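**Student:** Next up is a structure, given as structure tokens.
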Amino acid sequence: MTPVQTARGSLDASEPRIAQSWRATSDARGNSARIQASLGLWLVNLVLGVVLGRLWLDEPADQISIHVRLFMPVALVSSVAIWALVPAAWMAVCHMTLGSPRISGSMQALAGAIFLVFLYADTVVYRLLGYHMNSAVWNVLRTPGSADAVHLGARVWAPVIVALLVLTLLQGALWRFLLRRAELCEGTTPIRWHRRIGLVGTCLLAVVLVEKTGYAAAYVARDLDLENACRGLPLYPRINLADAPDGAEDLAQMVSARPLAYPHAAPQMRAAGPRPNVVILVVDSWRRDAFGPHLTPNIWKFSSDARVFRDHLSGGNGTRFGLFSLLYGLHGSYWFPVLEEGRPPVLLETLGDLGYDLRIFSSASMSFPEFDQTAWVNIGANQVQDDYPAQHPHERDAQMAKGFEAWLAGRADERPFFAFLLLDAPHQPYSNPGGPFQPAAERFDYVELASAADPDLVERVSNRYRNSVVHADGTAGSILDALERTVGFDDTVVVVTGDHGEEFQEAGFWGHTSNFSPAQVCVPFIIKGPGIEVGVESRPTAHVDLAPSLLELLGADPARRADYSLGESLFAPLEKRGRVVAGWSSIGLISDDDIMCLSLDRGDVEFYDPAWRRLADSARRRRECQPRLRRLRRDCAAFLRPVE
């Protein structure tokens, strides 16, 4: 006879019916006990997830209304319950496909541990940067060279691995305890597991329905207090989506979908135009107020007979957007299509056509961000020096400076040269061998920064940053001295600036990439060279202005600037202008009285004051922003191909 298959083996037809019935009952009880153990483990993880998720809600309880205070825990439970469907699905698959209870329980314990570690990691990212685990984070994890920019290291990964192991062991022990308890209960009073699952599912569904209904009511009422309180929850929609101005969503889709059309025409250079050397020295994460006689005495001395720009903005709140706008003369929104097509900047193409010797020196990897696929894509590998053996960034800075000085001293080429140099010490973790600003943090700990923002910690971390700037200034001084000794400044244009700023809780965040506040986008900018007037420029300028200004110094026609750039002239700035800054998933337009921020994810617009506080009259500004939005749309589409 053909055996009848069961969950634990087969029922042989030759067995007595009583034995078959007993085995089937035993198998059913065992299956029921395992399901109950899995359900119990999932509920424990759900509760722990809610506890961890409280770190997303950073709104002080005394600053919110009663109805918002009551809504927040419901929204938190609903959000975590939706996230917890992922480990629930994995647990169900393990239960159905793995016959061994030990293996099944171990895999479910691992799923629960990964769920909790992921939630905690997301809260750390949010509290540091203001966004969740998104494509920007994934870009850091998967791109070679990212370790030079984001220093996770053993201090971060070791606790993560230990936490995964410990949580997996604890959850495995809990699953076995729950299994034994369920088996004992089944042996005395059988419990129908489907009823328990139904009860749990009904309760959680009710919570989700209450939360979604309450949020829908707040949406209709435009209750921005509620939206502000819950903005930290991942995947939470913004209340003001329905108020998005006409064209905002279209602009967001256009930026991410249309191919590149850059340039419209190459600049026509006068054959008899000047051909000075061009040197761009960038200090990573150099915020505007970190420039002065006490922090940067060498650069300060250099600036005494240079042109200093007092109201200058980077092109964005991160390296890729700041340097991109500096070299391309385009807004940072063009980064993605340029990367997709591997298009070099017109500035470097033109300099190459004019016979310039192009050289890149960087103490940080040029593969993250992907400048090896964008700005330097047509430059030979032997012309890009970004691999220095020292362990610490400030040591690599010194090695890079010595390499540049040696190259200058041994250079026999009579051609003019273009040199780009990047000093990395002031980037996190603010590398330095010690400095005058004390007390300074001995180490840079992402977890510590995410869990606290007290004045003492802010002082210690910002002092560590200042010491790194002091060290970078010493390195910059040696580079500038080498330039003066070898080629002089009479026939060399030298630019000294930062790629972006750095925040120390001025707007509630650490570092950069989280907002467009002055701390993150305002940078020093100094330029010196033949024909450049010495003095202070107080009119508004931006990184996007450098590429066209350099080309015009070399003989390009200013009337044809719009063929290849969105910038203005650094030497004849407008008295008043809106300046565009870019982030990973947003574009900002900074004007005198507000910052208009367009989300590329949602296609909506929000308004902030310079301290990055959302303005109370955002709804009115949204209704009145069409002229600015049209200008932003025009600029962000100027070098994209039209839709056919």
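Note on naming: chains are A, B, ... as they come in the structure tokens, residues start from 1 per chain, ligands start from 1 in the order shown.
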Please provide the set of residues having any atom within 6 Å of segment 577-594 of chain A, restricted to only C-alpha atoms, with same-chain residues fewer than 5 positions apart removed, written as an MDAnalysis selection string.
**Tutor:** chainID A and resid 315:317 332 599:600 608:609
**Student:** Could you tell me, as a VMD selection string, which residues of segment 240-476 of chain A DSSP assigns to helix (DSSP H, G or I) when given the backbone?
**Tutor:** chain A and resid 240 to 243 248 to 257 288 to 290 297 to 303 319 to 328 332 to 341 346 to 353 371 to 373 381 to 383 393 to 409 446 to 451 455 to 476
**Student:** Could the residues in this selection be written to a file with C-alpha atoms, as a compact mmCIF listing (two decimals), in the first residue's frame?
**Tutor:**
# COMPACT_ATOMS: atom_id res chain seq x y z
CA ASN A 240 1.04 68.44 2.23
CA LEU A 241 1.27 66.29 -0.89
CA ALA A 242 -2.09 67.53 -2.14
CA ASP A 243 -0.81 71.10 -1.85
CA ALA A 248 6.60 70.04 -8.75
CA GLU A 249 5.91 66.36 -9.33
CA ASP A 250 6.71 66.73 -13.04
CA LEU A 251 10.04 68.34 -12.17
CA ALA A 252 10.90 65.51 -9.79
CA GLN A 253 10.18 62.89 -12.45
CA MET A 254 12.00 64.83 -15.16
CA VAL A 255 15.24 65.12 -13.19
CA SER A 256 15.41 61.37 -12.64
CA ALA A 257 14.18 60.15 -16.03
CA ARG A 288 32.33 79.11 6.20
CA ASP A 289 32.95 80.07 9.83
CA ALA A 290 35.96 77.69 9.99
CA PRO A 297 46.28 81.22 9.51
CA ASN A 298 48.04 79.98 6.35
CA ILE A 299 44.98 80.29 4.11
CA TRP A 300 44.12 83.57 5.84
CA LYS A 301 47.55 84.94 4.94
CA PHE A 302 47.12 83.73 1.35
CA SER A 303 43.75 85.51 1.16
CA THR A 319 30.86 66.05 -1.80
CA ARG A 320 29.38 64.69 -5.02
CA PHE A 321 27.08 67.68 -5.48
CA GLY A 322 29.51 70.33 -4.25
CA LEU A 323 32.43 69.26 -6.43
CA PHE A 324 30.14 68.43 -9.34
CA SER A 325 28.74 71.96 -9.49
CA LEU A 326 32.25 73.40 -9.02
CA LEU A 327 33.70 71.50 -12.00
CA TYR A 328 30.70 71.28 -14.33
CA GLY A 332 23.79 69.00 -8.60
CA SER A 333 20.55 67.58 -9.98
CA TYR A 334 22.52 66.72 -13.13
CA TRP A 335 24.84 64.36 -11.25
CA PHE A 336 22.73 61.28 -11.94
CA PRO A 337 22.37 61.63 -15.74
CA VAL A 338 26.05 62.65 -16.00
CA LEU A 339 27.05 59.55 -14.04
CA GLU A 340 24.76 57.40 -16.17
CA GLU A 341 26.38 58.62 -19.39
CA VAL A 346 33.28 71.05 -20.39
CA LEU A 347 35.89 72.85 -18.27
CA LEU A 348 38.35 69.94 -18.35
CA GLU A 349 37.57 69.05 -21.96
CA THR A 350 38.35 72.61 -22.98
CA LEU A 351 41.54 72.75 -20.93
CA GLY A 352 42.64 69.49 -22.52
CA ASP A 353 41.94 70.88 -25.99
CA PHE A 371 34.42 61.04 -9.92
CA ASP A 372 36.45 58.41 -11.74
CA GLN A 373 33.29 57.87 -13.83
CA ALA A 381 44.96 56.72 -14.50
CA ASN A 382 48.57 57.89 -14.14
CA GLN A 383 47.30 61.48 -13.91
CA PRO A 393 43.38 60.97 6.51
CA HIS A 394 45.57 63.72 7.97
CA GLU A 395 48.63 61.56 7.25
CA ARG A 396 47.43 60.92 3.70
CA ASP A 397 46.95 64.68 3.29
CA ALA A 398 50.60 65.21 4.17
CA GLN A 399 51.70 62.48 1.75
CA MET A 400 49.54 63.97 -0.99
CA ALA A 401 51.02 67.45 -0.41
CA LYS A 402 54.56 66.07 -0.62
CA GLY A 403 53.68 64.21 -3.81
CA PHE A 404 52.29 67.40 -5.35
CA GLU A 405 55.36 69.40 -4.30
CA ALA A 406 57.65 66.74 -5.79
CA TRP A 407 55.65 66.77 -9.02
CA LEU A 408 55.93 70.56 -9.21
CA ALA A 409 59.66 70.55 -8.49
CA TYR A 446 28.36 57.36 15.14
CA VAL A 447 26.33 55.51 17.77
CA GLU A 448 27.24 58.06 20.46
CA LEU A 449 26.30 60.94 18.18
CA ALA A 450 22.94 59.33 17.38
CA SER A 451 22.10 58.81 21.03
CA PRO A 455 26.28 70.74 24.71
CA ASP A 456 29.32 68.94 26.12
CA LEU A 457 29.32 66.40 23.28
CA VAL A 458 28.78 69.14 20.69
CA GLU A 459 31.77 71.05 22.07
CA ARG A 460 34.05 68.00 22.11
CA VAL A 461 33.12 66.88 18.60
CA SER A 462 33.29 70.39 17.11
CA ASN A 463 36.70 70.89 18.75
CA ARG A 464 37.89 67.67 17.13
CA TYR A 465 36.68 69.11 13.82
CA ARG A 466 38.45 72.43 14.45
CA ASN A 467 41.70 70.62 15.17
CA SER A 468 41.38 68.77 11.87
CA VAL A 469 40.85 72.10 10.08
CA VAL A 470 43.98 73.49 11.77
CA HIS A 471 45.95 70.52 10.48
CA ALA A 472 44.45 70.84 6.97
CA ASP A 473 45.44 74.51 6.97
CA GLY A 474 49.05 73.56 7.72
CA THR A 475 49.00 71.15 4.79
CA ALA A 476 47.35 73.77 2.56
**Student:** Near segment 531-536 of chain A, within 9 Å and counting only C-alpha atoms, which residues show up once chain neighbours fewer than 2 positions away are dropped, as an mmCIF file with C-alpha atoms, in the first residue's frame?
**Tutor:**
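The resulting file, around25.cif, is reproduced below:
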data_model
loop_
_atom_site.group_PDB
_atom_site.id
_atom_site.type_symbol
_atom_site.label_atom_id
_atom_site.label_comp_id
_atom_site.auth_asym_id
_atom_site.auth_seq_id
_atom_site.Cartn_x
_atom_site.Cartn_y
_atom_site.Cartn_z
ATOM 1 C CA SER A 303 43.749 85.510 1.163
ATOM 2 C CA SER A 304 45.210 88.876 2.192
ATOM 3 C CA ASP A 305 46.044 89.708 -1.422
ATOM 4 C CA ALA A 306 43.321 87.584 -3.048
ATOM 5 C CA ARG A 307 39.608 87.988 -3.676
ATOM 6 C CA VAL A 308 37.516 86.646 -0.787
ATOM 7 C CA PHE A 309 33.845 85.817 -1.286
ATOM 8 C CA ARG A 310 31.803 86.344 1.871
ATOM 9 C CA VAL A 493 44.998 81.090 -10.834
ATOM 10 C CA ILE A 527 40.534 83.094 -5.655
ATOM 11 C CA LYS A 528 43.846 84.644 -6.603
ATOM 12 C CA GLY A 529 45.591 85.108 -9.909
ATOM 13 C CA SER A 538 29.818 90.437 -0.627
ATOM 14 C CA LEU A 553 39.337 84.227 -17.885
ATOM 15 C CA PHE A 571 33.756 88.772 -11.225
#
**Student:** Where in segment 387-493 of chain A does DSSP assign strand (DSSP E or B), given as JSON, numbers by chain?
**Tutor:** {"A": [417, 418, 419, 420, 421, 422, 423, 492, 493]}
**Student:** Within 7 Å of segment 271-286 of chain A, counting only C-alpha atoms, which residues show up once you throw out same-chain ones fewer than 6 positions away? Write them as a ChimeraX atom specification, please.
**Tutor:** /A:416-424,426-427,491-502,523,554-555
**Student:** From the options A:Met596, A:Ala229, A:Ala547, A:Ile35, which residue's atoms come nearest to Trp612 of chain A, counting only C-alpha atoms?
**Tutor:** A:Met596
**Student:** As an exercise, work out the distance from atom CA of Leu640 of chain A to atom CA of Gly329 of chain A in Å and give it to one decimal place.
**Tutor:**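 About the pair atom CA of Leu640 of chain A and atom CA of Gly329 of chain A: they are 14.6 Å apart.
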**Student:** Using atom CA of Gly130 of chain A and atom CA of Cys522 of chain A as the two end points, give the distance in Å to one decimal.
**Tutor:** 19.0 Å
**Student:** Give me the residues within 9 Å of segment 38-45 of chain A as an MDAnalysis selection string, counting only C-alpha atoms and dropping any in the same chain fewer than 5 places off.
**Tutor:** chainID A and resid 33 50 84 87:88 91:92 95 105 108:109 112:113 115:116 171 174:175 178:179 193 196:197 200
**Student:** With C-alpha atoms retained, could you export that selection as a compact mmCIF listing (two decimals), in the first residue's frame?
**Tutor:**
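Output below, filename out-v3.txt:
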# COMPACT_ATOMS: atom_id res chain seq x y z
CA ALA A 33 3.16 24.08 19.12
CA VAL A 50 8.26 49.41 19.02
CA ALA A 84 7.48 43.37 10.97
CA PRO A 87 10.34 38.79 9.35
CA ALA A 88 6.85 37.30 9.68
CA MET A 91 9.36 32.87 9.68
CA ALA A 92 6.42 31.41 7.79
CA HIS A 95 8.22 26.86 9.22
CA GLY A 105 13.78 27.83 15.08
CA GLN A 108 13.54 32.33 12.73
CA ALA A 109 15.74 33.56 15.57
CA GLY A 112 14.25 38.35 14.41
CA ALA A 113 17.80 39.44 15.25
CA PHE A 115 15.00 42.78 12.08
CA LEU A 116 15.97 44.40 15.39
CA GLN A 171 15.95 34.50 20.39
CA LEU A 174 13.33 32.06 23.66
CA TRP A 175 11.91 30.07 20.72
CA LEU A 178 8.07 28.99 23.86
CA LEU A 179 8.01 25.67 22.00
CA TRP A 193 -3.26 28.24 16.88
CA ARG A 196 -4.51 33.08 18.21
CA ILE A 197 -3.16 34.23 14.88
CA VAL A 200 -3.33 38.98 16.92
**Student:** Would you pick out the contacts of Ala542 of chain A at 7 Å or less, using only C-alpha atoms, so that residues sharing its chain but fewer than 5 positions from it are not included, and give the list as a PyMOL selection string?
**Tutor:** chain A and resi 312-315
**Student:** Can I get the selected residues back with N, CA and C atoms, as a compact mmCIF listing (two decimals), in the first residue's frame?
**Tutor:**
# COMPACT_ATOMS: atom_id res chain seq x y z
N HIS A 312 29.13 82.89 -0.20
CA HIS A 312 29.32 81.87 -1.22
C HIS A 312 28.70 80.55 -0.76
N LEU A 313 28.01 79.88 -1.69
CA LEU A 313 27.38 78.60 -1.40
C LEU A 313 28.00 77.49 -2.22
N SER A 314 28.11 76.32 -1.61
CA SER A 314 28.44 75.12 -2.36
C SER A 314 27.26 74.77 -3.26
N GLY A 315 27.45 73.78 -4.12
CA GLY A 315 26.35 73.33 -4.96
C GLY A 315 25.47 72.29 -4.30
**Student:** Just how far from atom CA of Tyr131 of chain A is atom CA of His512 of chain A, in Å to one decimal?
**Tutor:**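 Going from atom CA of His512 of chain A over to atom CA of Tyr131 of chain A covers 11.6 Å.
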